[in-house]
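With mmCIF, C-alpha atoms inside, this is final_35.cif:
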data_query
#
loop_
_atom_site.label_atom_id
_atom_site.label_comp_id
_atom_site.auth_asym_id
_atom_site.auth_seq_id
_atom_site.Cartn_x
_atom_site.Cartn_y
_atom_site.Cartn_z
CA MET A 1 -2.89 36.27 -20.58
CA LYS A 2 0.44 36.38 -18.77
CA PRO A 3 0.44 35.21 -15.15
CA SER A 4 0.74 37.90 -12.50
CA ILE A 5 3.84 38.28 -10.35
CA LEU A 6 1.80 36.90 -7.44
CA SER A 7 0.84 33.81 -9.47
CA ILE A 8 4.46 33.24 -10.45
CA LEU A 9 5.51 33.50 -6.80
CA GLN A 10 2.82 30.99 -5.79
CA ILE A 11 3.98 28.59 -8.50
CA VAL A 12 7.58 28.89 -7.33
CA LEU A 13 6.44 28.13 -3.77
CA ALA A 14 4.49 25.12 -5.03
CA VAL A 15 7.58 23.80 -6.82
CA GLY A 16 9.60 24.35 -3.67
CA ALA A 17 7.08 22.38 -1.64
CA LEU A 18 7.32 19.48 -4.08
CA VAL A 19 11.11 19.44 -3.98
CA MET A 20 11.24 19.68 -0.20
CA SER A 21 8.80 16.80 0.20
CA GLY A 22 11.24 14.40 -1.45
CA PRO A 23 10.73 11.82 -4.17
CA ALA A 24 7.84 9.90 -2.60
CA ARG A 25 4.17 10.85 -2.86
CA THR A 26 2.93 13.96 -1.06
CA GLU A 27 0.89 13.12 2.05
CA PHE A 28 -2.14 15.06 3.24
CA GLN A 29 -3.15 14.92 6.88
CA THR A 30 -6.88 15.24 6.15
CA GLN A 31 -9.26 15.12 3.21
CA ALA A 32 -10.03 18.77 3.86
CA ALA A 33 -6.35 19.59 3.32
CA ALA A 34 -6.38 17.60 0.06
CA ARG A 35 -9.50 19.43 -1.15
CA ALA A 36 -7.95 22.79 -0.29
CA ALA A 37 -4.80 21.82 -2.22
CA LEU A 38 -6.92 20.68 -5.16
CA TRP A 39 -8.67 24.04 -5.31
CA GLU A 40 -5.39 25.97 -5.04
CA TYR A 41 -3.57 23.95 -7.72
CA SER A 42 -6.57 24.20 -10.05
CA ARG A 43 -6.44 27.97 -9.65
CA LEU A 44 -2.73 28.05 -10.40
CA ILE A 45 -3.16 25.78 -13.44
CA ALA A 46 -5.79 28.17 -14.79
CA ALA A 47 -3.22 30.95 -14.48
CA GLU A 48 -0.34 28.95 -15.95
CA PRO A 49 -1.54 25.80 -17.77
CA HIS A 50 1.91 24.83 -19.09
CA PHE A 51 3.64 24.43 -15.71
CA ALA A 52 4.12 20.66 -15.38
CA VAL A 53 4.72 20.48 -11.65
CA LEU A 54 1.27 21.91 -10.93
CA TYR A 55 -0.35 18.90 -12.59
CA THR A 56 1.82 16.60 -10.50
CA LEU A 57 0.75 18.39 -7.35
CA ARG A 58 -2.92 18.34 -8.30
CA GLY A 59 -2.57 14.66 -9.15
CA GLU A 60 -1.40 14.07 -5.58
CA ALA A 61 -4.52 15.80 -4.28
CA TYR A 62 -6.78 13.74 -6.53
CA TYR A 63 -4.99 10.58 -5.41
CA ALA A 64 -5.48 11.49 -1.75
CA LEU A 65 -9.19 11.99 -2.45
CA ASP A 66 -9.31 8.56 -4.16
CA ASP A 67 -10.24 10.07 -7.53
CA LEU A 68 -7.82 7.79 -9.36
CA PRO A 69 -8.83 8.50 -13.00
CA LYS A 70 -8.35 12.26 -12.52
CA ALA A 71 -5.07 11.63 -10.71
CA VAL A 72 -3.85 9.56 -13.67
CA ASP A 73 -4.96 12.30 -16.09
CA ASP A 74 -3.02 14.95 -14.20
CA TYR A 75 0.10 12.82 -13.79
CA THR A 76 -0.03 12.10 -17.53
CA SER A 77 -0.36 15.81 -18.32
CA ALA A 78 2.67 16.52 -16.12
CA ILE A 79 4.76 13.88 -17.88
CA LYS A 80 3.76 15.12 -21.32
CA LEU A 81 4.89 18.62 -20.37
CA ASP A 82 8.07 17.45 -18.64
CA ASP A 83 9.26 13.86 -18.85
CA PHE A 84 11.39 14.42 -15.75
CA GLN A 85 8.40 14.81 -13.46
CA ASP A 86 9.56 11.79 -11.49
CA LYS A 87 6.88 12.14 -8.82
CA ALA A 88 4.28 11.96 -11.57
CA TYR A 89 5.68 8.59 -12.69
CA PHE A 90 5.58 7.37 -9.09
CA GLY A 91 2.07 8.67 -8.46
CA ARG A 92 0.70 7.34 -11.74
CA GLY A 93 2.22 3.93 -10.96
CA MET A 94 0.45 3.94 -7.61
CA ALA A 95 -2.89 4.99 -9.09
CA LEU A 96 -2.77 2.65 -12.10
CA GLY A 97 -2.04 -0.30 -9.83
CA ARG A 98 -5.06 0.44 -7.67
CA MET A 99 -7.14 0.70 -10.86
CA GLY A 100 -6.08 -2.81 -11.85
CA ARG A 101 -3.75 -1.69 -14.64
CA VAL A 102 -0.85 -3.47 -13.02
CA GLU A 103 1.52 -3.85 -15.98
CA GLU A 104 1.32 -0.12 -16.71
CA ALA A 105 1.82 0.61 -13.01
CA ILE A 106 4.99 -1.47 -12.90
CA ALA A 107 6.31 0.28 -16.02
CA ASP A 108 5.87 3.70 -14.38
CA LEU A 109 7.42 2.62 -11.10
CA SER A 110 10.33 1.15 -13.07
CA VAL A 111 11.01 4.57 -14.60
CA PHE A 112 11.01 6.08 -11.12
CA ILE A 113 13.33 3.39 -9.76
CA LEU A 114 15.73 3.83 -12.68
CA ARG A 115 16.04 7.49 -11.69
CA HIS A 116 15.95 6.87 -7.91
CA PRO A 117 17.72 3.53 -7.45
CA THR A 118 18.02 3.89 -3.68
CA ASP A 119 14.34 4.57 -2.94
CA SER A 120 13.13 1.76 -0.67
CA VAL A 121 9.47 2.78 -0.88
CA ALA A 122 9.45 2.57 -4.69
CA TYR A 123 10.86 -0.97 -4.62
CA THR A 124 8.23 -1.87 -2.02
CA LYS A 125 5.37 -0.54 -4.15
CA ARG A 126 6.65 -2.27 -7.29
CA GLY A 127 7.06 -5.45 -5.27
CA VAL A 128 3.43 -5.26 -4.14
CA ARG A 129 2.28 -4.86 -7.74
CA ASN A 130 4.37 -7.86 -8.71
CA ILE A 131 2.52 -9.81 -6.02
CA TRP A 132 -0.76 -8.67 -7.57
CA ARG A 133 0.25 -10.14 -10.92
CA ASN A 134 1.59 -13.23 -9.13
CA ASN A 135 5.16 -12.65 -10.33
CA LEU A 136 6.66 -13.84 -7.08
CA VAL A 137 10.26 -13.98 -8.34
CA GLU A 138 10.23 -10.27 -9.23
CA ALA A 139 8.29 -9.43 -6.08
CA GLU A 140 10.86 -11.18 -3.90
CA ARG A 141 13.69 -9.37 -5.69
CA ASP A 142 12.04 -5.96 -5.26
CA LEU A 143 11.09 -6.44 -1.62
CA SER A 144 14.48 -7.88 -0.67
CA ARG A 145 16.11 -4.83 -2.28
CA ALA A 146 13.75 -2.52 -0.38
CA ILE A 147 14.82 -4.13 2.91
CA GLN A 148 18.49 -4.02 1.92
CA LEU A 149 18.13 -0.27 1.32
CA GLU A 150 16.06 0.32 4.45
CA PRO A 151 16.12 -2.52 7.00
CA THR A 152 13.44 -0.77 9.09
CA ASN A 153 10.91 -0.79 6.23
CA ALA A 154 8.05 -2.64 7.97
CA GLU A 155 5.82 -2.73 4.90
CA ALA A 156 8.53 -4.39 2.82
CA HIS A 157 9.06 -7.01 5.53
CA ASP A 158 5.34 -7.74 5.64
CA ASP A 159 5.03 -8.01 1.87
CA LEU A 160 8.13 -10.17 1.61
CA GLY A 161 6.46 -12.39 4.21
CA VAL A 162 3.48 -12.62 1.85
CA VAL A 163 5.77 -13.79 -0.95
CA HIS A 164 7.35 -16.46 1.24
CA ALA A 165 3.93 -17.63 2.48
CA LYS A 166 2.69 -17.93 -1.09
CA ARG A 167 5.72 -20.10 -1.83
CA ASN A 168 5.00 -22.19 1.28
CA ARG A 169 8.14 -20.99 3.07
CA LEU A 170 6.31 -20.56 6.36
CA ALA A 171 9.34 -20.12 8.62
CA LEU A 172 10.66 -17.28 6.46
CA ALA A 173 7.20 -15.76 6.24
CA SER A 174 6.89 -15.84 10.03
CA HIS A 175 10.30 -14.18 10.36
CA HIS A 176 9.33 -11.24 8.16
CA PHE A 177 5.84 -10.79 9.63
CA SER A 178 7.41 -10.76 13.09
CA ALA A 179 9.97 -8.20 11.90
CA ALA A 180 7.17 -5.98 10.60
CA ILE A 181 5.44 -6.11 13.99
CA ARG A 182 8.68 -5.39 15.83
CA LEU A 183 9.41 -2.40 13.60
CA ASP A 184 5.84 -1.10 13.60
CA PRO A 185 3.76 -2.43 16.53
CA GLY A 186 0.70 -0.65 15.13
CA TYR A 187 0.83 -2.53 11.80
CA GLN A 188 -2.40 -4.55 12.16
CA LYS A 189 -2.14 -6.49 8.91
CA ALA A 190 1.17 -8.03 9.96
CA TYR A 191 -0.55 -9.57 13.02
CA HIS A 192 -3.25 -10.95 10.71
CA ASN A 193 -0.68 -12.45 8.36
CA LEU A 194 1.39 -13.94 11.17
CA GLY A 195 -1.81 -15.44 12.59
CA ILE A 196 -2.44 -17.12 9.24
CA VAL A 197 1.04 -18.64 9.23
CA PHE A 198 0.58 -20.02 12.75
CA TYR A 199 -2.84 -21.39 11.74
CA MET A 200 -1.44 -22.99 8.61
CA SER A 201 1.35 -24.54 10.71
CA GLY A 202 -1.15 -26.05 13.16
CA GLN A 203 -0.03 -23.70 15.95
CA ASN A 204 -3.57 -22.70 16.79
CA GLN A 205 -3.05 -21.24 20.26
CA GLN A 206 -0.19 -19.04 19.03
CA ALA A 207 -2.40 -18.03 16.10
CA LEU A 208 -5.21 -17.04 18.45
CA ASP A 209 -2.88 -15.03 20.68
CA ILE A 210 -1.40 -13.01 17.82
CA VAL A 211 -4.79 -12.47 16.16
CA ASP A 212 -6.24 -11.18 19.45
CA THR A 213 -3.35 -8.73 19.71
CA GLY A 214 -4.07 -7.50 16.19
CA LEU A 215 -7.77 -7.12 16.96
CA LYS A 216 -6.92 -4.71 19.77
CA LEU A 217 -5.68 -2.40 17.00
CA ALA A 218 -8.68 -2.97 14.70
CA PRO A 219 -11.58 -4.61 16.58
CA ASP A 220 -13.87 -4.53 13.54
CA SER A 221 -11.47 -6.06 11.00
CA ARG A 222 -13.76 -8.46 9.14
CA SER A 223 -10.95 -10.59 7.71
CA THR A 224 -9.22 -10.98 11.06
CA LEU A 225 -12.45 -11.83 12.86
CA MET A 226 -13.20 -14.49 10.25
CA LEU A 227 -9.69 -15.86 10.74
CA LYS A 228 -10.24 -15.91 14.50
CA ALA A 229 -13.47 -17.88 14.00
CA MET A 230 -11.59 -20.52 12.00
CA ILE A 231 -8.86 -20.74 14.64
CA LEU A 232 -11.47 -21.16 17.40
CA GLN A 233 -13.16 -23.85 15.33
CA ALA A 234 -9.83 -25.69 15.11
CA LEU A 235 -9.46 -25.37 18.90
CA GLY A 236 -12.89 -26.89 19.42
CA GLU A 237 -14.56 -23.63 20.50
CA THR A 238 -17.43 -24.11 18.07
CA ASP A 239 -20.05 -21.90 19.72
CA LEU A 240 -17.70 -18.95 20.15
CA ALA A 241 -16.47 -19.40 16.57
CA ARG A 242 -20.04 -19.17 15.26
CA GLU A 243 -20.72 -16.10 17.39
CA ILE A 244 -17.66 -14.27 16.04
CA GLU A 245 -18.39 -15.32 12.46
CA ALA A 246 -21.94 -13.97 12.78
CA ARG A 247 -20.57 -10.68 14.12
CA ALA A 248 -18.06 -10.38 11.26
CA GLU A 249 -20.45 -11.30 8.49
CA PHE A 250 -21.89 -7.82 7.98
CA LEU A 251 -18.75 -5.80 8.61
CA PRO A 252 -17.09 -4.10 5.61
CA GLU A 253 -13.93 -5.53 4.14
CA ALA A 254 -10.70 -3.85 5.22
CA ASN A 255 -9.06 -1.58 2.64
CA TRP A 256 -5.65 -3.21 2.36
CA THR A 257 -5.19 -2.20 -1.25
CA GLU A 258 -1.62 -0.99 -0.84
CA ARG A 259 -0.59 -3.72 1.56
CA SER A 260 -1.56 -6.93 -0.15
CA GLU A 261 -2.30 -9.45 2.58
CA VAL A 262 -1.69 -13.18 2.41
CA GLY A 263 -5.45 -13.73 2.36
CA THR A 264 -7.58 -15.70 4.79
CA PRO A 265 -7.33 -19.41 4.00
CA SER A 266 -10.47 -21.50 3.69
CA PRO A 267 -11.23 -24.02 6.46
CA THR A 268 -10.05 -26.77 4.08
CA SER A 269 -6.73 -25.07 3.29
CA THR A 270 -3.96 -27.51 2.48
CA GLY A 271 -1.21 -25.05 3.28
CA ARG A 272 -1.38 -22.80 0.24
CA GLU A 273 -3.24 -19.53 0.65
CA HIS A 274 -5.21 -17.97 -2.16
CA ASP A 275 -4.93 -14.44 -3.54
#

Same coordinates, now as structure tokens:
Amino acid sequence: MKPSILSILQIVLAVGALVMSGPARTEFQTQAAARAALWEYSRLIAAEPHFAVLYTLRGEAYYALDDLPKAVDDYTSAIKLDDFQDKAYFGRGMALGRMGRVEEAIADLSVFILRHPTDSVAYTKRGVRNIWRNNLVEAERDLSRAIQLEPTNAEAHDDLGVVHAKRNRLALASHHFSAAIRLDPGYQKAYHNLGIVFYMSGQNQQALDIVDTGLKLAPDSRSTLMLKAMILQALGETDLAREIEARAEFLPEANWTERSEVGTPSPTSTGREHD
């Protein structure tokens, strides 16, 4: 059955929305908005199942709803229909990485970067995935390029700080975590990471101060509360440390999937943090 004129117009508008939103992933303000988009794109796909961009758009909705396997399926359908669905390569790289298929994720993001060599966000996301596979040389290259392209990219600064911390370059790590905070004062994970660097450097009071600032943004951050307990222990505040640790014990872990943190070091850390 041929699509109606109204369906064709809706598809054209959908394509226009994708183009106007730029090369990065589409953002939805609420889950309700993502569900509404999912319903609409499914309806349009039923009317015109060979229109590649509709699968890309529906993949974005699935991604926003955290249905990663269906997002990957739709992005793959889009690419099979049209290999120049660049947003589908980007989106699939994001989803595959979160599913633990990191090598495939990097391959997809590499296609996107080849076609969009000045996209700072894409370099950042590939850099994060290189951190996940512990390829710190490639991660540093990607994240440095992201900052070169966009010096105000707070996420890239934070993740480059992670790379430096993992390589025991604590002064450089501190510089980039501080830059992330300066650029985005609401970036809670950067406070957490900077607190770890201070703690690892034996600067326990500075660590406590920065961690407390971060906790104002996310008072129930389990990882940061556990870090605070360790810092208090190092400062000799044993009772308060135990109280905070007991409070944090049953809190859920923070979802920092896309912003790979340094990780909270164990009390016996020798200066190298674990993944």

Check your understanding: With distances taken over only C-alpha atoms, which of A:Asn153, A:Ser120, A:Asn193, A:Ser201 is nearest to Ala171 (chain A)?
Key ->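 Answer, going by the shortest atom-to-atom distance: A:Ser201.
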
Can you list what the PyMOL selection byres ((chain A and resi 213-220) around 12) grabs from this structure, as an mmCIF file with C-alpha atoms, keeping the file's coordinate frame?
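Output (expr-v9.cif):
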data_model
loop_
_atom_site.group_PDB
_atom_site.id
_atom_site.type_symbol
_atom_site.label_atom_id
_atom_site.label_comp_id
_atom_site.auth_asym_id
_atom_site.auth_seq_id
_atom_site.Cartn_x
_atom_site.Cartn_y
_atom_site.Cartn_z
ATOM 1 C CA ILE A 181 5.440 -6.110 13.990
ATOM 2 C CA PRO A 185 3.760 -2.430 16.530
ATOM 3 C CA GLY A 186 0.700 -0.650 15.130
ATOM 4 C CA TYR A 187 0.830 -2.530 11.800
ATOM 5 C CA GLN A 188 -2.400 -4.550 12.160
ATOM 6 C CA LYS A 189 -2.140 -6.490 8.910
ATOM 7 C CA ALA A 190 1.170 -8.030 9.960
ATOM 8 C CA TYR A 191 -0.550 -9.570 13.020
ATOM 9 C CA HIS A 192 -3.250 -10.950 10.710
ATOM 10 C CA ASN A 193 -0.680 -12.450 8.360
ATOM 11 C CA LEU A 194 1.390 -13.940 11.170
ATOM 12 C CA GLY A 195 -1.810 -15.440 12.590
ATOM 13 C CA ILE A 196 -2.440 -17.120 9.240
ATOM 14 C CA GLN A 206 -0.190 -19.040 19.030
ATOM 15 C CA ALA A 207 -2.400 -18.030 16.100
ATOM 16 C CA LEU A 208 -5.210 -17.040 18.450
ATOM 17 C CA ASP A 209 -2.880 -15.030 20.680
ATOM 18 C CA ILE A 210 -1.400 -13.010 17.820
ATOM 19 C CA VAL A 211 -4.790 -12.470 16.160
ATOM 20 C CA ASP A 212 -6.240 -11.180 19.450
ATOM 21 C CA SER A 221 -11.470 -6.060 11.000
ATOM 22 C CA ARG A 222 -13.760 -8.460 9.140
ATOM 23 C CA SER A 223 -10.950 -10.590 7.710
ATOM 24 C CA THR A 224 -9.220 -10.980 11.060
ATOM 25 C CA LEU A 225 -12.450 -11.830 12.860
ATOM 26 C CA MET A 226 -13.200 -14.490 10.250
ATOM 27 C CA LEU A 227 -9.690 -15.860 10.740
ATOM 28 C CA LYS A 228 -10.240 -15.910 14.500
ATOM 29 C CA ILE A 244 -17.660 -14.270 16.040
ATOM 30 C CA GLU A 245 -18.390 -15.320 12.460
ATOM 31 C CA ARG A 247 -20.570 -10.680 14.120
ATOM 32 C CA ALA A 248 -18.060 -10.380 11.260
ATOM 33 C CA GLU A 249 -20.450 -11.300 8.490
ATOM 34 C CA PHE A 250 -21.890 -7.820 7.980
ATOM 35 C CA LEU A 251 -18.750 -5.800 8.610
ATOM 36 C CA PRO A 252 -17.090 -4.100 5.610
ATOM 37 C CA GLU A 253 -13.930 -5.530 4.140
ATOM 38 C CA ALA A 254 -10.700 -3.850 5.220
#

Exercise for review: Determine, counting all atoms listed in the file, which protein, DNA and RNA residues have an atom within 9 Å of an atom of Gln31 (chain A); residues of the same chain fewer than 2 positions away are not included. Present the result as a list in words.
Suggested key: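 What passes the distance filter is Phe28, Gln29, Ala33, Ala34, Arg35, Ala36, Ala61, Ala64 and Leu65 of chain A.
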
Review point. What is the distance between CA of Asn135 (chain A) and CA of His164 (chain A), in Å to one decimal?
Key: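 Separation between CA of Asn135 (chain A) and CA of His164 (chain A): 12.4 Å.
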
Exercise for review: Calculate how many Å separate CA of Ala180 (chain A) from CA of Asp158 (chain A), rounding to one decimal.
Suggested key: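 Answer for the CA of Ala180 (chain A) to CA of Asp158 (chain A) separation: 5.6 Å.
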
Exercise for review: I would like the residues chosen by the PyMOL selection byres ((chain A and resi 55-57) around 10) on the shown file; could you give them as a VMD selection string?
Suggested key: chain A and resid 14 to 15 17 to 18 25 to 26 37 to 38 41 to 42 44 to 45 49 to 54 58 to 63 71 to 79 81 85 to 89 91 to 92

Given the selection you just returned, output its residues as a file containing C-alpha atoms, formatted as a compact mmCIF listing (two decimals), in the frame of the given file.
# COMPACT_ATOMS: atom_id res chain seq x y z
CA ALA A 14 4.49 25.12 -5.03
CA VAL A 15 7.58 23.80 -6.82
CA ALA A 17 7.08 22.38 -1.64
CA LEU A 18 7.32 19.48 -4.08
CA ARG A 25 4.17 10.85 -2.86
CA THR A 26 2.93 13.96 -1.06
CA ALA A 37 -4.80 21.82 -2.22
CA LEU A 38 -6.92 20.68 -5.16
CA TYR A 41 -3.57 23.95 -7.72
CA SER A 42 -6.57 24.20 -10.05
CA LEU A 44 -2.73 28.05 -10.40
CA ILE A 45 -3.16 25.78 -13.44
CA PRO A 49 -1.54 25.80 -17.77
CA HIS A 50 1.91 24.83 -19.09
CA PHE A 51 3.64 24.43 -15.71
CA ALA A 52 4.12 20.66 -15.38
CA VAL A 53 4.72 20.48 -11.65
CA LEU A 54 1.27 21.91 -10.93
CA ARG A 58 -2.92 18.34 -8.30
CA GLY A 59 -2.57 14.66 -9.15
CA GLU A 60 -1.40 14.07 -5.58
CA ALA A 61 -4.52 15.80 -4.28
CA TYR A 62 -6.78 13.74 -6.53
CA TYR A 63 -4.99 10.58 -5.41
CA ALA A 71 -5.07 11.63 -10.71
CA VAL A 72 -3.85 9.56 -13.67
CA ASP A 73 -4.96 12.30 -16.09
CA ASP A 74 -3.02 14.95 -14.20
CA TYR A 75 0.10 12.82 -13.79
CA THR A 76 -0.03 12.10 -17.53
CA SER A 77 -0.36 15.81 -18.32
CA ALA A 78 2.67 16.52 -16.12
CA ILE A 79 4.76 13.88 -17.88
CA LEU A 81 4.89 18.62 -20.37
CA GLN A 85 8.40 14.81 -13.46
CA ASP A 86 9.56 11.79 -11.49
CA LYS A 87 6.88 12.14 -8.82
CA ALA A 88 4.28 11.96 -11.57
CA TYR A 89 5.68 8.59 -12.69
CA GLY A 91 2.07 8.67 -8.46
CA ARG A 92 0.70 7.34 -11.74

Practice item. Using the chain letters and residue numbers of this document, give as a ChimeraX atom specification the residues selected by the PyMOL selection byres ((chain A and resi 121-132) around 6). Key: /A:106,119-120,133-136,139,142-143,146,156
